[in-house]
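Next comes structure_0.cif, a file with mmCIF, C-alpha atoms.
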```cif
data_coords
loop_
_atom_site.label_atom_id
_atom_site.label_comp_id
_atom_site.auth_asym_id
_atom_site.auth_seq_id
_atom_site.Cartn_x
_atom_site.Cartn_y
_atom_site.Cartn_z
CA GLU A 1 41.32 115.37 113.41
CA CYS A 2 39.65 115.92 116.79
CA ASN A 3 42.08 117.90 118.94
CA TYR A 4 40.65 121.38 118.41
CA LEU A 5 37.17 122.87 118.18
CA LEU A 6 36.75 126.16 116.35
CA CYS A 7 33.75 128.35 115.58
CA LEU A 8 33.23 130.90 112.83
CA GLY A 9 32.88 134.40 114.22
CA SER A 10 31.02 137.40 112.84
CA ASP A 11 34.39 138.58 111.50
CA TYR A 12 34.48 135.49 109.23
CA ARG A 13 37.45 134.12 111.13
CA LEU A 14 37.82 130.95 113.17
CA HIS A 15 38.05 131.24 116.94
CA PRO A 16 38.80 128.50 119.51
CA VAL A 17 35.95 127.16 121.61
CA ARG A 18 36.54 126.95 125.36
CA GLU A 19 37.98 123.55 126.32
CA PHE A 20 37.49 123.51 130.10
CA GLY A 21 35.20 125.20 132.58
CA PRO A 22 31.50 125.96 132.03
CA GLY A 23 30.53 124.96 128.51
CA GLY A 24 33.98 123.57 127.74
CA TRP A 25 33.83 121.01 124.96
CA LEU A 26 36.38 118.71 126.59
CA ASN A 27 34.51 118.75 129.89
CA SER A 28 31.13 118.07 128.33
CA THR A 29 32.30 115.14 126.18
CA LYS A 30 34.36 113.18 128.73
CA TYR A 31 31.71 110.46 128.77
CA ILE A 32 32.84 109.53 125.23
CA SER A 33 35.59 107.00 125.91
CA GLU A 34 37.84 108.05 123.02
CA THR A 35 37.59 111.82 123.50
CA PRO A 36 40.90 113.72 123.90
CA ALA A 37 39.95 114.53 127.50
CA ASN A 38 40.49 110.85 128.37
CA TRP A 39 43.78 110.27 126.57
CA ASP A 40 46.85 109.15 128.49
CA GLU A 41 49.76 111.45 127.61
CA ASN A 42 52.26 108.58 127.81
CA ALA A 43 50.18 106.68 125.27
CA VAL A 44 50.13 109.78 123.05
CA LYS A 45 53.93 109.98 123.21
CA ASP A 46 54.33 106.27 122.43
CA LEU A 47 52.05 106.51 119.40
CA LEU A 48 53.90 109.52 117.97
CA ASP A 49 57.30 107.94 118.68
CA ILE A 50 56.34 104.88 116.64
CA ALA A 51 55.04 107.02 113.78
CA GLU A 52 58.21 109.12 113.81
CA ASP A 53 60.39 105.99 113.64
CA ILE A 54 58.43 104.74 110.63
CA PHE A 55 58.79 108.11 108.91
CA GLN A 56 62.54 108.10 109.48
CA SER A 57 62.91 104.60 108.06
CA SER A 58 60.65 105.49 105.10
CA ILE A 59 62.81 108.49 104.23
CA LYS A 60 65.91 106.28 104.24
CA GLU A 61 64.51 103.17 102.55
CA GLN A 62 62.51 105.00 99.87
CA ASN A 63 65.20 107.64 99.36
CA LEU A 64 62.68 110.44 99.86
CA ARG A 65 63.56 114.11 99.66
CA ALA A 66 61.58 114.73 102.79
CA ARG A 67 61.76 115.56 106.46
CA PHE A 68 59.43 115.05 109.39
CA ILE A 69 57.83 117.58 111.68
CA ARG A 70 56.52 116.82 115.15
CA LYS A 71 53.64 118.61 116.84
CA LYS A 72 51.89 118.14 120.17
CA ARG A 73 49.54 115.44 118.91
CA ALA A 74 50.67 114.80 115.35
CA VAL A 75 53.74 113.97 113.32
CA GLY A 76 54.11 114.60 109.60
CA LEU A 77 56.32 113.56 106.71
CA ILE A 78 56.67 116.65 104.52
CA PRO A 79 58.70 117.46 101.39
CA LYS A 80 61.88 119.46 101.60
CA PRO A 81 61.65 122.98 100.11
CA HIS A 82 61.00 122.92 96.34
CA GLU A 83 60.71 119.11 96.34
CA GLN A 84 57.82 116.69 95.86
CA ILE A 85 57.08 113.26 97.29
CA PRO A 86 55.51 110.76 94.84
CA ARG A 87 51.95 109.75 95.66
CA GLU A 88 52.93 106.09 95.73
CA ALA A 89 55.61 106.81 98.34
CA LEU A 90 53.09 108.68 100.48
CA ASP A 91 50.62 105.79 100.31
CA GLU A 92 53.39 103.30 101.09
CA THR A 93 54.37 105.30 104.16
CA VAL A 94 50.75 105.43 105.34
CA LEU A 95 50.38 101.66 105.01
CA ARG A 96 53.64 101.10 106.89
CA VAL A 97 52.69 103.31 109.81
CA GLN A 98 49.16 101.87 109.96
CA ALA A 99 50.59 98.36 110.22
CA ALA A 100 53.08 99.39 112.92
CA LEU A 101 50.46 101.17 115.03
CA ASP A 102 47.96 98.32 114.65
CA ALA A 103 50.63 95.89 115.85
CA HIS A 104 51.40 98.18 118.80
CA GLY A 105 47.70 98.27 119.69
CA LYS A 106 47.52 94.48 119.83
CA LYS A 107 50.49 94.36 122.21
CA THR A 108 49.17 97.09 124.53
CA PRO A 109 45.36 97.05 124.20
CA GLY A 110 44.88 99.02 127.42
CA LEU A 111 46.81 101.98 126.02
CA THR A 112 45.35 101.97 122.53
CA LEU A 113 44.33 105.38 121.23
CA PRO A 114 42.39 106.27 118.09
CA PHE A 115 44.67 107.54 115.36
CA CYS A 116 44.59 108.60 111.74
CA ALA A 117 47.43 107.95 109.28
CA PHE A 118 46.67 109.55 105.95
CA ASN A 119 48.04 110.76 102.63
CA GLY A 120 47.48 114.51 102.51
CA GLY A 121 48.32 114.82 98.81
CA ARG A 122 51.74 116.43 99.29
CA ASP A 123 52.57 114.88 102.65
CA THR A 124 51.72 112.13 105.11
CA TRP A 125 50.45 112.70 108.64
CA VAL A 126 49.68 110.68 111.72
CA ASP A 127 47.27 112.39 114.09
CA VAL A 128 46.23 111.19 117.51
CA GLY A 129 42.47 110.81 117.16
CA ASN A 130 40.41 110.57 114.00
CA LYS A 131 37.30 112.00 112.38
CA ARG A 132 35.06 109.35 113.89
CA VAL A 133 35.88 110.78 117.30
CA GLY A 134 35.65 114.33 115.97
CA VAL A 135 32.16 113.80 114.55
CA GLN A 136 30.98 112.10 117.76
CA ILE A 137 32.23 115.06 119.80
CA LEU A 138 30.38 117.52 117.58
CA GLN A 139 27.20 115.45 117.68
CA SER A 140 27.34 115.42 121.47
CA TYR A 141 28.42 119.03 121.98
CA LEU A 142 25.85 120.47 119.54
CA GLY A 143 23.12 118.00 120.46
CA HIS A 144 22.56 116.68 116.94
CA PRO A 145 21.75 112.99 116.32
CA VAL A 146 23.28 110.91 113.55
CA LYS A 147 20.36 111.51 111.19
CA GLU A 148 20.99 115.27 111.37
CA THR A 149 24.72 114.97 110.67
CA LEU A 150 26.37 115.07 107.25
CA HIS A 151 30.11 114.72 106.71
CA ILE A 152 31.51 116.05 103.43
CA GLY A 153 35.03 114.94 102.51
CA ASP A 154 37.39 113.95 99.72
CA GLN A 155 39.58 111.28 101.36
CA PHE A 156 37.44 108.19 101.98
CA LEU A 157 39.95 105.51 101.00
CA ASN A 158 41.74 103.64 103.78
CA THR A 159 44.74 105.95 103.32
CA GLY A 160 42.56 109.05 103.71
CA ASN A 161 41.52 111.00 106.79
CA ASP A 162 37.75 110.94 106.09
CA PHE A 163 37.50 107.15 106.15
CA ALA A 164 36.70 106.86 109.88
CA ALA A 165 33.73 109.23 109.68
CA ARG A 166 31.76 106.59 107.77
CA ASP A 167 31.20 104.73 111.06
CA VAL A 168 29.17 107.48 112.72
CA CYS A 169 27.23 109.51 110.14
CA PRO A 170 26.09 109.79 106.51
CA CYS A 171 28.86 111.01 104.21
CA ILE A 172 29.20 112.65 100.80
CA TRP A 173 32.37 112.02 98.80
CA ILE A 174 33.46 115.09 96.85
CA THR A 175 36.51 115.93 94.74
CA SER A 176 36.76 119.72 95.00
CA PRO A 177 35.77 122.68 97.21
CA ASP A 178 33.32 123.76 94.50
CA GLU A 179 31.30 120.60 95.11
CA THR A 180 31.19 121.39 98.83
CA THR A 181 29.85 124.86 98.04
CA TYR A 182 27.21 123.34 95.75
CA ILE A 183 26.07 120.91 98.45
CA LEU A 184 25.88 123.59 101.14
CA LYS A 185 23.90 125.92 98.89
CA SER A 186 21.51 123.10 98.05
CA ILE A 187 20.95 122.38 101.75
CA LEU A 188 20.35 126.07 102.49
CA ARG A 189 17.84 126.37 99.66
CA LEU A 190 15.97 123.29 100.84
CA ALA A 191 15.88 124.88 104.30
CA GLY A 192 14.32 128.02 102.82
CA VAL A 193 17.35 130.29 103.29
CA PRO A 194 17.68 132.77 100.38
CA LEU A 195 21.16 133.13 98.90
CA ASN A 196 22.54 136.51 97.87
CA ASP A 197 25.14 135.44 95.32
CA SER A 198 25.51 135.94 91.59
CA ASP A 199 25.07 132.31 90.58
CA ALA A 200 22.16 131.53 92.88
CA SER A 201 19.85 131.00 89.92
CA SER A 202 22.33 129.07 87.79
CA ASP A 203 22.83 125.93 89.88
CA SER A 204 20.12 123.69 91.27
CA SER A 205 17.38 126.27 90.75
CA ASP A 206 14.87 123.45 90.85
CA LEU A 207 15.84 122.87 94.49
CA THR A 208 14.82 126.38 95.56
CA PRO A 209 11.63 126.24 97.68
CA GLU A 210 9.18 129.01 98.31
CA PRO A 211 10.46 131.66 100.76
CA SER A 212 9.92 130.48 104.32
CA VAL A 213 9.20 132.35 107.51
CA GLY A 214 11.91 132.68 110.13
CA VAL A 215 11.70 132.91 113.90
CA ASN A 216 8.80 135.03 115.19
CA GLY A 217 7.53 135.52 111.65
CA SER A 218 10.67 137.31 110.45
CA LYS A 219 12.22 136.61 107.08
CA PRO A 220 15.41 134.51 107.06
CA LYS A 221 18.53 136.59 106.64
CA ALA A 222 20.14 136.25 103.23
CA LEU A 223 23.67 134.87 103.11
CA ASP A 224 26.06 137.06 101.13
CA PHE A 225 28.54 134.56 99.67
CA ALA A 226 30.31 137.27 97.67
CA GLU A 227 31.15 139.11 100.89
CA MET A 228 32.26 135.88 102.54
CA ASN A 229 34.60 135.15 99.64
CA ARG A 230 36.03 138.68 99.78
CA ARG A 231 36.76 138.41 103.49
CA THR A 232 38.19 134.93 103.12
CA LYS A 233 40.73 136.15 100.56
CA ALA A 234 41.64 139.09 102.77
CA ALA A 235 42.00 137.05 105.95
CA GLN A 236 45.31 135.83 107.27
CA LEU A 237 46.71 132.57 105.97
CA MET A 238 48.47 129.91 107.98
CA ASP A 239 51.54 127.97 106.97
CA VAL A 240 50.17 124.42 107.15
CA TYR A 241 53.47 122.98 108.33
CA THR A 242 54.78 125.46 110.89
CA GLY A 243 51.53 127.08 112.00
CA GLU A 244 53.02 130.54 111.43
CA MET A 245 50.65 133.25 110.29
CA ILE A 246 51.35 134.94 106.96
CA SER A 247 49.99 138.46 106.94
CA SER A 248 47.75 139.66 104.14
CA PRO A 249 45.74 142.87 103.59
CA GLN A 250 43.39 143.67 106.44
CA VAL A 251 39.62 143.50 106.05
CA LYS A 252 38.02 146.91 105.97
#
```
This structure in structure tokens:
Amino acid sequence: ECNYLLCLGSDYRLHPVREFGPGGWLNSTKYISETPANWDENAVKDLLDIAEDIFQSSIKEQNLRARFIRKKRAVGLIPKPHEQIPREALDETVLRVQAALDAHGKKTPGLTLPFCAFNGGRDTWVDVGNKRVGVQILQSYLGHPVKETLHIGDQFLNTGNDFAARDVCPCIWITSPDETTYILKSILRLAGVPLNDSDASSDSSDLTPEPSVGVNGSKPKALDFAEMNRRTKAAQLMDVYTGEMISSPQVK
């Protein structure tokens, strides 16, 4: 939720942003009390240990065909190969772990860390940190105030991972990636950025303003969404559970 900061490169791939040293995002956001740079590693371990215990008991008590996976700052309840976990069981597990971690926080207030327990649709995860902290870090690092921040997400219930972002910025609740694309295109059109895609005239054409002038009088560069989609499909994919990279055809 807020443990990594990535940027999109000219190769249409995500690259990690420097954490420490000049311009490091952890260094420059240490003044935010809940930033990862200020977390106590013993508190991180305690939080994940509690979550793991709840996952183990949930597997046993709900008779789930599942297993758990532990990462550096997250623990997940995931289905066994070729199995599914019912949505109700995922929500039940989230509520159990939220209650356990809230109780732990009341007992040890000095070691309380932000966390996010959420139903991921096929799995349940507990991350150290949450999107409230993540949005605050981005606002600080990029120098954008709340009024210039917009969070787009699809999990705004109390068992979802977008819920915490509502505390720190305006939000839009969507149900599919297509809606995200629509919103981004609308924002770009309102900003005067021409779009070079096949359906540019078919959706929200009434939102398209007159062409604007870019920096030093130059015309804004058109965004080629068709090329972005082509490169996205050709890029490497990551196994969401193990983090292993699955090779796919190289971009030419």
Find the residues with any atom within 8 Å of (33.9, 110.5, 111.2); use only C-alpha atoms and the coordinates as given in the file, and write the answer as a list in words.
->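 Residues with an atom close enough to that point: Asn130, Lys131, Arg132, Val133, Gly134, Val135, Gln136, His151, Asp162, Phe163, Ala164, Ala165, Arg166, Asp167, Val168 and Cys169 of chain A.
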Would you mind exporting C-alpha atoms of the selected residues as a PDB file, keeping the file's coordinate frame?
```pdb
ATOM      1  CA  ASN A 130      40.410 110.570 114.000  1.00  0.00           C
ATOM      2  CA  LYS A 131      37.300 112.000 112.380  1.00  0.00           C
ATOM      3  CA  ARG A 132      35.060 109.350 113.890  1.00  0.00           C
ATOM      4  CA  VAL A 133      35.880 110.780 117.300  1.00  0.00           C
ATOM      5  CA  GLY A 134      35.650 114.330 115.970  1.00  0.00           C
ATOM      6  CA  VAL A 135      32.160 113.800 114.550  1.00  0.00           C
ATOM      7  CA  GLN A 136      30.980 112.100 117.760  1.00  0.00           C
ATOM      8  CA  HIS A 151      30.110 114.720 106.710  1.00  0.00           C
ATOM      9  CA  ASP A 162      37.750 110.940 106.090  1.00  0.00           C
ATOM     10  CA  PHE A 163      37.500 107.150 106.150  1.00  0.00           C
ATOM     11  CA  ALA A 164      36.700 106.860 109.880  1.00  0.00           C
ATOM     12  CA  ALA A 165      33.730 109.230 109.680  1.00  0.00           C
ATOM     13  CA  ARG A 166      31.760 106.590 107.770  1.00  0.00           C
ATOM     14  CA  ASP A 167      31.200 104.730 111.060  1.00  0.00           C
ATOM     15  CA  VAL A 168      29.170 107.480 112.720  1.00  0.00           C
ATOM     16  CA  CYS A 169      27.230 109.510 110.140  1.00  0.00           C
TER      17      CYS A 169
END
```
Point-to-point distance from atom CA of A:Pro114 to atom CA of A:Gly129, Å rounded to tenths = 4.6 Å
Polymer residues at most 10 Å from (35.4, 123.8, 124.0) by only C-alpha atoms, as a PyMOL selection string | chain A and resi 4-7+16-29+141
d(atom CA of A:Thr108, atom CA of A:Asp53) in Å |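 Result for atom CA of A:Thr108 versus atom CA of A:Asp53: 18.0 Å, one decimal.
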Coordinates-based distance that separates atom CA of A:Phe118 from atom CA of A:Thr159 (Å, one decimal) | 4.9 Å
Go through stretch 117-144 of chain A residue by residue and, counting only C-alpha atoms, keep those with an atom at most 6 Å from stretch 61-84 of chain A; for each kept residue give the shortest atom pair and its distance in Å to one decimal, ordered by chain and increasing number, as a tab-separated table.
```
residue	atom	partner	partner_atom	distance
A:Asp123	CA	A:Ile78	CA	4.8
A:Thr124	CA	A:Leu77	CA	5.1
A:Trp125	CA	A:Gly76	CA	4.2
A:Val126	CA	A:Val75	CA	5.5
A:Asp127	CA	A:Ala74	CA	4.4
A:Val128	CA	A:Arg73	CA	5.6
```
If you count all atoms listed in the file, which residues fall within 10 Å of A:Gly121, apart from same-chain ones fewer than 2 positions away, as a ChimeraX atom specification?
-> /A:85-87,90-91,118-119,123-124,155,160
Would you mind telling me which residue in A:Leu113, A:Leu195, A:Cys171, A:Val94 lies nearest to A:Asn158 when using only C-alpha atoms?
->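 With only C-alpha atoms as the atom set, the closest residue is A:Val94.
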